[in-house]
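Colleague: Structure supplied as my_file_10.pdb; contents: PDB, C-alpha atoms (C1' of nucleotides).
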```
MODEL        1
ATOM      1  CA  MET M1193      33.271  11.995  28.853
ATOM      2  CA  GLN M1194      35.967  11.569  26.294
ATOM      3  CA  ARG M1195      35.135  12.812  22.860
ATOM      4  CA  THR M1196      38.083  12.117  20.659
ATOM      5  CA  LEU M1197      35.886  11.666  17.618
ATOM      6  CA  SER M1198      34.392  14.606  15.849
ATOM      7  CA  ASP M1199      31.496  15.960  17.813
ATOM      8  CA  VAL M1200      28.025  14.986  16.784
ATOM      9  CA  THR M1201      25.757  17.900  16.048
ATOM     10  CA  TYR M1202      22.072  17.956  16.813
ATOM     11  CA  SER M1203      19.241  20.053  15.554
ATOM     12  CA  ASP M1204      17.291  22.281  17.909
ATOM     13  CA  ASP M1205      14.353  19.921  17.748
ATOM     14  CA  GLU M1206      16.490  16.906  18.520
ATOM     15  CA  GLN M1207      17.932  18.595  21.560
ATOM     16  CA  ALA M1208      14.599  19.968  22.710
ATOM     17  CA  LEU M1209      12.864  16.636  22.331
ATOM     18  CA  ALA M1210      15.649  14.800  24.144
ATOM     19  CA  GLY M1211      15.557  17.371  26.929
ATOM     20  CA  MET M1212      11.809  17.036  27.422
ATOM     21  CA  ALA M1213      12.087  13.265  27.244
ATOM     22  CA  LYS M1214      14.776  13.314  29.884
ATOM     23  CA  ALA M1215      12.431  15.159  32.214
ATOM     24  CA  LEU M1216       9.855  12.395  31.650
ATOM     25  CA  SER M1217      12.368   9.568  31.894
ATOM     26  CA  HIS M1218      11.781   8.850  35.572
ATOM     27  CA  PRO M1219       8.408   7.479  36.666
ATOM     28  CA  VAL M1220       8.237   9.672  39.734
ATOM     29  CA  ARG M1221       8.529  12.752  37.546
ATOM     30  CA  VAL M1222       5.709  11.474  35.369
ATOM     31  CA  LYS M1223       3.681  10.967  38.514
ATOM     32  CA  ILE M1224       4.481  14.458  39.761
ATOM     33  CA  LEU M1225       3.452  15.985  36.441
ATOM     34  CA  ARG M1226       0.188  14.061  36.475
ATOM     35  CA  LEU M1227      -0.511  15.284  39.982
ATOM     36  CA  LEU M1228       0.269  18.868  39.055
ATOM     37  CA  ALA M1229      -1.595  18.769  35.780
ATOM     38  CA  GLY M1230      -4.536  16.540  36.509
ATOM     39  CA  GLU M1231      -5.826  17.580  39.861
ATOM     40  CA  SER M1232      -4.807  21.080  40.687
ATOM     41  CA  CYS M1233      -1.739  23.096  41.350
ATOM     42  CA  CYS M1234       0.096  21.593  44.241
ATOM     43  CA  PHE M1235       2.419  22.697  46.960
ATOM     44  CA  THR M1236       5.567  20.718  47.496
ATOM     45  CA  GLY M1237       4.293  19.644  50.874
ATOM     46  CA  GLU M1238       1.269  17.951  49.373
ATOM     47  CA  LEU M1239       3.533  15.985  47.092
ATOM     48  CA  THR M1240       5.531  14.633  50.027
ATOM     49  CA  GLU M1241       2.281  13.441  51.557
ATOM     50  CA  VAL M1242       1.333  11.529  48.434
ATOM     51  CA  ILE M1243       4.728  10.248  47.311
ATOM     52  CA  PRO M1244       6.714   8.232  49.856
ATOM     53  CA  MET M1245      10.084   9.764  49.117
ATOM     54  CA  ALA M1246      12.364  12.004  51.090
ATOM     55  CA  GLN M1247      11.487  15.678  50.839
ATOM     56  CA  SER M1248      14.935  16.419  49.483
ATOM     57  CA  THR M1249      14.520  13.836  46.728
ATOM     58  CA  ILE M1250      11.186  15.264  45.648
ATOM     59  CA  SER M1251      12.730  18.720  45.647
ATOM     60  CA  GLN M1252      15.468  17.441  43.355
ATOM     61  CA  HIS M1253      12.940  16.019  40.922
ATOM     62  CA  LEU M1254      10.999  19.276  41.004
ATOM     63  CA  LYS M1255      14.197  21.094  40.123
ATOM     64  CA  ALA M1256      14.718  18.787  37.172
ATOM     65  CA  LEU M1257      11.176  19.528  35.999
ATOM     66  CA  LEU M1258      11.757  23.239  36.507
ATOM     67  CA  ASP M1259      14.924  23.068  34.411
ATOM     68  CA  SER M1260      13.017  21.315  31.640
ATOM     69  CA  GLY M1261      10.541  24.171  31.598
ATOM     70  CA  LEU M1262       7.549  21.877  31.971
ATOM     71  CA  ILE M1263       6.627  23.375  35.332
ATOM     72  CA  GLN M1264       7.024  26.688  37.059
ATOM     73  CA  GLY M1265       7.189  27.666  40.711
ATOM     74  CA  GLU M1266       5.406  30.446  42.459
ATOM     75  CA  ILE M1267       6.576  31.472  45.904
ATOM     76  CA  ASP M1268       3.753  31.734  48.396
ATOM     77  CA  PRO M1269       5.617  31.970  51.704
ATOM     78  CA  PRO M1270       6.397  29.804  53.396
ATOM     79  CA  LYS M1271       5.236  27.430  50.677
ATOM     80  CA  VAL M1272       5.989  27.136  46.994
ATOM     81  CA  LYS M1273       3.220  26.416  44.537
ATOM     82  CA  TYR M1274       4.287  24.447  41.494
ATOM     83  CA  CYS M1275       2.247  24.576  38.325
ATOM     84  CA  ILE M1276       2.417  23.269  34.815
ATOM     85  CA  ASN M1277       4.008  25.783  32.470
ATOM     86  CA  ARG M1278       1.301  25.856  29.839
ATOM     87  CA  GLN M1279       3.440  27.341  27.103
ATOM     88  CA  ASN M1280       6.206  24.776  27.362
ATOM     89  CA  TRP M1281       3.729  22.001  28.005
ATOM     90  CA  GLU M1282       2.058  22.752  24.715
ATOM     91  CA  ARG M1283       5.396  23.023  22.993
ATOM     92  CA  ALA M1284       6.282  19.569  24.294
ATOM     93  CA  GLU M1285       2.916  18.311  23.115
ATOM     94  CA  ARG M1286       3.645  19.606  19.627
ATOM     95  CA  LEU M1287       7.211  18.280  19.613
ATOM     96  CA  PHE M1288       6.236  14.766  20.613
ATOM     97  CA  GLY M1289       3.123  14.786  18.472
ATOM     98  CA  PHE M1290       5.017  15.837  15.395
ATOM     99  CA  PHE M1291       7.834  13.446  16.103
ATOM    100  CA  PHE M1292       5.585  10.422  16.340
ATOM    101  CA  SER M1293       3.166  11.372  13.594
ATOM    102  CA  GLU M1294       5.779  12.312  11.041
ATOM    103  CA  GLY M1295       7.832   9.213  11.714
ATOM    104  CA  CYS M1296       7.222   5.878  10.097
ATOM    105  CA  LYS M1297       5.062   6.971   7.233
ATOM    106  CA  GLU M1298       4.460   5.129   4.004
ATOM    107  CA  ARG M1299       8.130   5.246   3.122
ATOM    108  CA  CYS M1300       8.949   2.932   5.962
ATOM    109  CA  ASN M1301       8.399  -0.451   4.394
ATOM    110  CA  CYS M1302       8.860  -2.654   7.438
TER     111      CYS M1302
ATOM    112  CA  MET A 488       7.085  13.263  59.653
ATOM    113  CA  GLN A 489       9.043  10.116  59.034
ATOM    114  CA  ARG A 490       7.685   7.812  56.411
ATOM    115  CA  THR A 491       8.625   4.500  54.984
ATOM    116  CA  LEU A 492      10.905   5.015  52.039
ATOM    117  CA  SER A 493      11.646   3.146  48.846
ATOM    118  CA  ASP A 494       8.136   1.874  48.330
ATOM    119  CA  VAL A 495       6.790   4.197  45.677
ATOM    120  CA  THR A 496       4.428   2.433  43.328
ATOM    121  CA  TYR A 497       3.817   3.411  39.733
ATOM    122  CA  SER A 498       1.004   2.671  37.368
ATOM    123  CA  ASP A 499       1.627   0.757  34.160
ATOM    124  CA  ASP A 500       1.191   3.936  32.167
ATOM    125  CA  GLU A 501       3.636   5.843  34.324
ATOM    126  CA  GLN A 502       6.261   3.166  33.877
ATOM    127  CA  ALA A 503       5.607   2.759  30.181
ATOM    128  CA  LEU A 504       5.752   6.478  29.533
ATOM    129  CA  ALA A 505       8.942   6.857  31.551
ATOM    130  CA  GLY A 506      10.497   3.944  29.684
ATOM    131  CA  MET A 507       9.685   5.388  26.280
ATOM    132  CA  ALA A 508      10.880   8.795  27.412
ATOM    133  CA  LYS A 509      14.122   7.283  28.578
ATOM    134  CA  ALA A 510      14.705   5.895  25.113
ATOM    135  CA  LEU A 511      14.214   9.398  23.730
ATOM    136  CA  SER A 512      16.296  11.092  26.410
ATOM    137  CA  HIS A 513      19.530  11.168  24.426
ATOM    138  CA  PRO A 514      19.699  13.320  21.293
ATOM    139  CA  VAL A 515      21.575  10.708  19.302
ATOM    140  CA  ARG A 516      18.759   8.249  19.851
ATOM    141  CA  VAL A 517      16.267  10.833  18.670
ATOM    142  CA  LYS A 518      18.427  11.325  15.617
ATOM    143  CA  ILE A 519      18.638   7.587  14.983
ATOM    144  CA  LEU A 520      14.873   7.247  15.253
ATOM    145  CA  ARG A 521      14.352  10.089  12.822
ATOM    146  CA  LEU A 522      16.740   8.484  10.387
ATOM    147  CA  LEU A 523      15.033   5.124  10.691
ATOM    148  CA  ALA A 524      11.529   6.538  10.560
ATOM    149  CA  GLY A 525      11.813   9.433   8.198
ATOM    150  CA  GLU A 526      14.000   8.313   5.383
ATOM    151  CA  SER A 527      13.906   4.571   5.109
ATOM    152  CA  CYS A 528      14.890   1.548   7.068
ATOM    153  CA  CYS A 529      18.594   1.647   7.620
ATOM    154  CA  PHE A 530      21.402  -0.737   8.182
ATOM    155  CA  THR A 531      23.643  -0.064  11.120
ATOM    156  CA  GLY A 532      26.512   0.631   8.791
ATOM    157  CA  GLU A 533      24.716   3.512   7.175
ATOM    158  CA  LEU A 534      24.171   5.028  10.589
ATOM    159  CA  THR A 535      27.886   4.954  11.325
ATOM    160  CA  GLU A 536      28.448   6.843   8.095
ATOM    161  CA  VAL A 537      26.014   9.565   9.071
ATOM    162  CA  ILE A 538      26.707   9.821  12.795
ATOM    163  CA  PRO A 539      30.306  10.480  13.821
ATOM    164  CA  MET A 540      30.394   8.071  16.717
ATOM    165  CA  ALA A 541      32.193   4.814  17.311
ATOM    166  CA  GLN A 542      30.434   1.793  15.871
ATOM    167  CA  SER A 543      30.266   0.229  19.309
ATOM    168  CA  THR A 544      28.578   3.300  20.734
ATOM    169  CA  ILE A 545      25.932   3.353  18.030
ATOM    170  CA  SER A 546      25.352  -0.332  18.609
ATOM    171  CA  GLN A 547      24.798   0.398  22.287
ATOM    172  CA  HIS A 548      22.224   3.064  21.495
ATOM    173  CA  LEU A 549      20.500   0.723  19.071
ATOM    174  CA  LYS A 550      20.296  -1.843  21.829
ATOM    175  CA  ALA A 551      18.668   0.727  24.104
ATOM    176  CA  LEU A 552      16.130   1.487  21.394
ATOM    177  CA  LEU A 553      15.525  -2.228  20.869
ATOM    178  CA  ASP A 554      14.911  -2.693  24.583
ATOM    179  CA  SER A 555      12.393   0.140  24.545
ATOM    180  CA  GLY A 556      10.510  -1.641  21.779
ATOM    181  CA  LEU A 557      10.509   1.395  19.513
ATOM    182  CA  ILE A 558      12.605  -0.372  16.887
ATOM    183  CA  GLN A 559      13.177  -3.895  15.734
ATOM    184  CA  GLY A 560      16.075  -5.590  14.020
ATOM    185  CA  GLU A 561      16.030  -7.858  11.024
ATOM    186  CA  ILE A 562      19.093  -9.914  10.266
ATOM    187  CA  ASP A 563      20.131  -9.668   6.631
ATOM    188  CA  PRO A 564      23.642 -11.154   6.699
ATOM    189  CA  PRO A 565      26.095  -9.846   7.153
ATOM    190  CA  LYS A 566      24.122  -6.728   7.958
ATOM    191  CA  VAL A 567      21.270  -6.006  10.318
ATOM    192  CA  LYS A 568      18.381  -3.885   9.156
ATOM    193  CA  TYR A 569      16.758  -1.821  11.870
ATOM    194  CA  CYS A 570      13.207  -0.606  11.484
ATOM    195  CA  ILE A 571      10.639   1.241  13.493
ATOM    196  CA  ASN A 572       8.348  -1.113  15.365
ATOM    197  CA  ARG A 573       5.046   0.287  14.174
ATOM    198  CA  GLN A 574       2.954  -1.220  16.927
ATOM    199  CA  ASN A 575       5.032   0.142  19.773
ATOM    200  CA  TRP A 576       5.602   3.387  17.930
ATOM    201  CA  GLU A 577       1.886   3.951  17.766
ATOM    202  CA  ARG A 578       1.505   2.958  21.383
ATOM    203  CA  ALA A 579       4.098   5.555  22.313
ATOM    204  CA  GLU A 580       2.268   8.088  20.184
ATOM    205  CA  ARG A 581      -0.937   7.376  22.085
ATOM    206  CA  LEU A 582       0.791   7.411  25.474
ATOM    207  CA  PHE A 583       2.468  10.766  24.928
ATOM    208  CA  GLY A 584      -0.524  12.228  23.158
ATOM    209  CA  PHE A 585      -2.884  11.295  25.959
ATOM    210  CA  PHE A 586      -0.439  12.420  28.612
ATOM    211  CA  PHE A 587      -0.026  15.880  27.184
ATOM    212  CA  SER A 588      -3.625  16.416  26.104
ATOM    213  CA  GLU A 589      -5.180  15.261  29.356
ATOM    214  CA  GLY A 590      -2.794  17.262  31.467
ATOM    215  CA  CYS A 591      -3.320  20.891  32.354
ATOM    216  CA  LYS A 592      -6.962  21.236  31.506
ATOM    217  CA  GLU A 593      -9.338  23.830  32.765
ATOM    218  CA  ARG A 594      -8.898  22.742  36.359
ATOM    219  CA  CYS A 595      -5.338  23.969  36.301
ATOM    220  CA  ASN A 596      -5.734  27.571  37.273
ATOM    221  CA  CYS A 597      -2.192  28.769  36.846
TER     222      CYS A 597
ATOM    223  C1'  DA W1198      41.000 -22.235   4.036
ATOM    224  C1'  DT W1199      41.650 -17.373   3.900
ATOM    225  C1'  DT W1200      40.197 -12.916   3.877
ATOM    226  C1'  DA W1201      36.901  -9.173   4.220
ATOM    227  C1'  DT W1202      32.729  -7.245   6.062
ATOM    228  C1'  DT W1203      29.428  -6.317   9.507
ATOM    229  C1'  DA W1204      27.796  -5.703  13.962
ATOM    230  C1'  DA W1205      27.538  -7.316  18.875
ATOM    231  C1'  DT W1206      29.955  -7.684  23.032
ATOM    232  C1'  DC W1207      33.703  -7.016  26.406
ATOM    233  C1'  DG W1208      36.514  -4.214  29.370
ATOM    234  C1'  DT W1209      37.425   0.181  31.001
ATOM    235  C1'  DA W1210      37.169   5.035  32.218
ATOM    236  C1'  DT W1211      34.447   8.793  33.294
ATOM    237  C1'  DA W1212      30.064  11.371  33.854
ATOM    238  C1'  DT W1213      25.574  11.611  35.386
ATOM    239  C1'  DT W1214      21.633  10.262  38.023
ATOM    240  C1'  DT W1215      19.370   8.918  42.057
ATOM    241  C1'  DG W1216      18.427   8.828  46.885
ATOM    242  C1'  DC W1217      19.141   9.863  51.545
ATOM    243  C1'  DG W1218      20.027  12.595  55.878
ATOM    244  C1'  DA W1219      21.694  16.856  57.506
ATOM    245  C1'  DT W1220      21.800  21.534  57.192
ATOM    246  C1'  DG W1221      20.607  26.201  55.750
ATOM    247  C1'  DA W1222      17.626  30.008  54.186
ATOM    248  C1'  DA W1223      13.411  32.467  54.247
ATOM    249  C1'  DC W1224       9.410  33.492  56.216
ATOM    250  C1'  DT W1225       5.499  33.318  60.103
ATOM    251  C1'  DA W1226       3.670  33.259  64.450
ATOM    252  C1'  DA W1227       4.115  33.482  69.341
TER     253       DA W1227
ATOM    254  C1'  DT J 313      13.461  37.317  70.350
ATOM    255  C1'  DT J 314      12.355  32.410  69.867
ATOM    256  C1'  DA J 315      10.321  28.686  67.837
ATOM    257  C1'  DG J 316       8.028  26.457  63.952
ATOM    258  C1'  DT J 317       7.196  25.685  58.984
ATOM    259  C1'  DT J 318       8.543  24.974  54.354
ATOM    260  C1'  DC J 319      11.561  23.960  50.907
ATOM    261  C1'  DA J 320      16.331  24.284  48.733
ATOM    262  C1'  DT J 321      20.915  22.863  48.940
ATOM    263  C1'  DC J 322      24.970  20.262  50.505
ATOM    264  C1'  DG J 323      27.642  16.056  50.973
ATOM    265  C1'  DC J 324      27.953  11.510  50.301
ATOM    266  C1'  DA J 325      27.304   6.718  48.363
ATOM    267  C1'  DA J 326      25.578   3.708  45.028
ATOM    268  C1'  DA J 327      23.707   2.817  40.665
ATOM    269  C1'  DT J 328      23.283   3.849  35.923
ATOM    270  C1'  DA J 329      24.620   5.916  31.535
ATOM    271  C1'  DT J 330      27.918   7.180  28.078
ATOM    272  C1'  DA J 331      31.809   6.546  25.018
ATOM    273  C1'  DC J 332      35.742   4.383  23.350
ATOM    274  C1'  DG J 333      38.987   0.699  21.487
ATOM    275  C1'  DA J 334      39.670  -4.150  21.199
ATOM    276  C1'  DT J 335      37.804  -8.398  20.427
ATOM    277  C1'  DT J 336      34.633 -11.902  18.932
ATOM    278  C1'  DA J 337      31.049 -14.116  16.058
ATOM    279  C1'  DA J 338      28.802 -14.762  11.862
ATOM    280  C1'  DT J 339      28.672 -14.629   7.157
ATOM    281  C1'  DA J 340      30.153 -13.932   2.277
ATOM    282  C1'  DA J 341      33.447 -13.912  -1.298
ATOM    283  C1'  DT J 342      37.671 -15.400  -3.237
TER     284       DT J 342
ENDMDL
END
```
Step by step, read the file and then write its structure as structure tokens.
Modeller:
Amino acid sequence: MQRTLSDVTYSDDEQALAGMAKALSHPVRVKILRLLAGESCCFTGELTEVIPMAQSTISQHLKALLDSGLIQGEIDPPKVKYCINRQNWERAERLFGFFFSEGCKERCNC
Amino acid sequence: MQRTLSDVTYSDDEQALAGMAKALSHPVRVKILRLLAGESCCFTGELTEVIPMAQSTISQHLKALLDSGLIQGEIDPPKVKYCINRQNWERAERLFGFFFSEGCKERCNC
DNA sequence: ATTATTAATCGTATATTTGCGATGAACTAA
DNA sequence: TTAGTTCATCGCAAATATACGATTAATAAT
């Protein structure tokens, strides 16, 4: 993308929050996270049984979640067990919690 | 096993959370929200002074934030004052808070 | 009226995302 | 070995997102 103007700079928190939000910005990824987090750790195969999407598409979304750090994969041949990454999950919880709680305080006179 | 594609259904919460996350999925929108929420309500013009992006681009991002419901606009000719929409902001706070707190409880044995 | 200011919208170019089927890689079981 | 299972990756097409400059609309001030 063309960037002829001076580049915008972002704080670490802004980038981290946007990155986490991007991982959550597709409903099927929210659904996958709920399945992984709420019930138990899942294998990819179980996800394809629950979500009517091509296996390759689900694998792509899992990769996006892996890249965000919100989940981790554990090889258990021939399957792969995906789990919530507790550390990053809690970091995301803090980031979003702080973002929403600190925003729009008494100074915002709308 | 072949299955019928393109018929994934999502709950209201899944769609709402993904929609809010999408609004937060670009760092400049996070920055705009922080400016609107943290300091004071801003006019668009003040944003263009702080963020080195074309006015049309910032206007596009503001429109995305408007569509998400996280902000609202108040016409104050010839300017437009954008503010956090408290109601939807708090809804987003609850949605994200619940999502992260309910996920990955004791059942998740990773 | 004319001019200035402000912000939305239009048109365009490019980048990214999304989804699928096909294929490949790694491992197991026979 | 051969065949089967599981999941990642490739290649492609379509949709969406991003960013810009130019233009338009609305209003205020002169």
Colleague: After least-squares alignment of chain A to chain M over all Cα atoms in order, what RMSD do you get?
Modeller: 2.8 Å
Colleague: Could you list, as a list in words, the residues of chain W having an atom within 10 Å of chain A when counting only C-alpha atoms (C1' of nucleotides)?
Modeller: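 Using only C-alpha atoms (C1' of nucleotides), chain W residues at most 10 Å from chain A: DT1202, DT1203, DA1204, DA1205, DT1206, DG1216 and DC1217 of chain W.
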Colleague: Mind giving me the straight-line distance from CA of Ile545 in chain A to CA of Asp1205 in chain M in Å, one decimal?
Modeller: 20.2 Å
Colleague: Got a sec to resolve the PyMOL selection byres ((chain J and resi 332) around 8) on this structure and send the residues as a list in words?
Modeller: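 Written out, the selection comes to Gln1194 of chain M; Ala541, Ser543 and Thr544 of chain A; DA331 and DG333 of chain J.
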Colleague: Output C-alpha atoms (C1' of nucleotides) for every residue in the selection just made, as a PDB file, in the frame of the given file.
Modeller:
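What ended up in out.pdb:
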```pdb
ATOM      1  CA  GLN M1194      35.967  11.569  26.294  1.00  0.00           C
TER       2      GLN M1194
ATOM      3  CA  ALA A 541      32.193   4.814  17.311  1.00  0.00           C
ATOM      4  CA  SER A 543      30.266   0.229  19.309  1.00  0.00           C
ATOM      5  CA  THR A 544      28.578   3.300  20.734  1.00  0.00           C
TER       6      THR A 544
ATOM      7  C1'  DA J 331      31.809   6.546  25.018  1.00  0.00           C
ATOM      8  C1'  DG J 333      38.987   0.699  21.487  1.00  0.00           C
TER       9       DG J 333
END
```
Colleague: Provide as a PyMOL selection string the residues of chain J at most 12 Å from chain M, counting all atoms listed in the file.
Modeller: chain J and resi 316-322+329-333
Colleague: On this file, the PyMOL selection byres ((chain M and resi 1211) around 10) gives some set of residues; write that set as a list in words.
Modeller: Asp1205, Glu1206, Gln1207, Ala1208, Leu1209, Ala1210, Met1212, Ala1213, Lys1214, Ala1215, Leu1216, Ser1217, Asp1259, Ser1260, Gly1261 and Ala1284 of chain M; Ala508, Leu511, Ser512, His513 and Pro514 of chain A
Colleague: Kindly compute an axis-aligned box around the listed atoms of range 537-546 of chain A, allowing 8 Å on each side, and express its centre and edge lengths in Å to one decimal as JSON.
Modeller:
```
{"center_x": 28.8, "center_y": 5.1, "center_z": 14.9, "size_x": 22.8, "size_y": 26.8, "size_z": 27.7}
```
Colleague: Between CA of Leu1258 in chain M and CA of Thr1201 in chain M, measure the distance and give it in Å to one decimal.
Modeller: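 Between CA of Leu1258 in chain M and CA of Thr1201 in chain M the gap works out to 25.4 Å.
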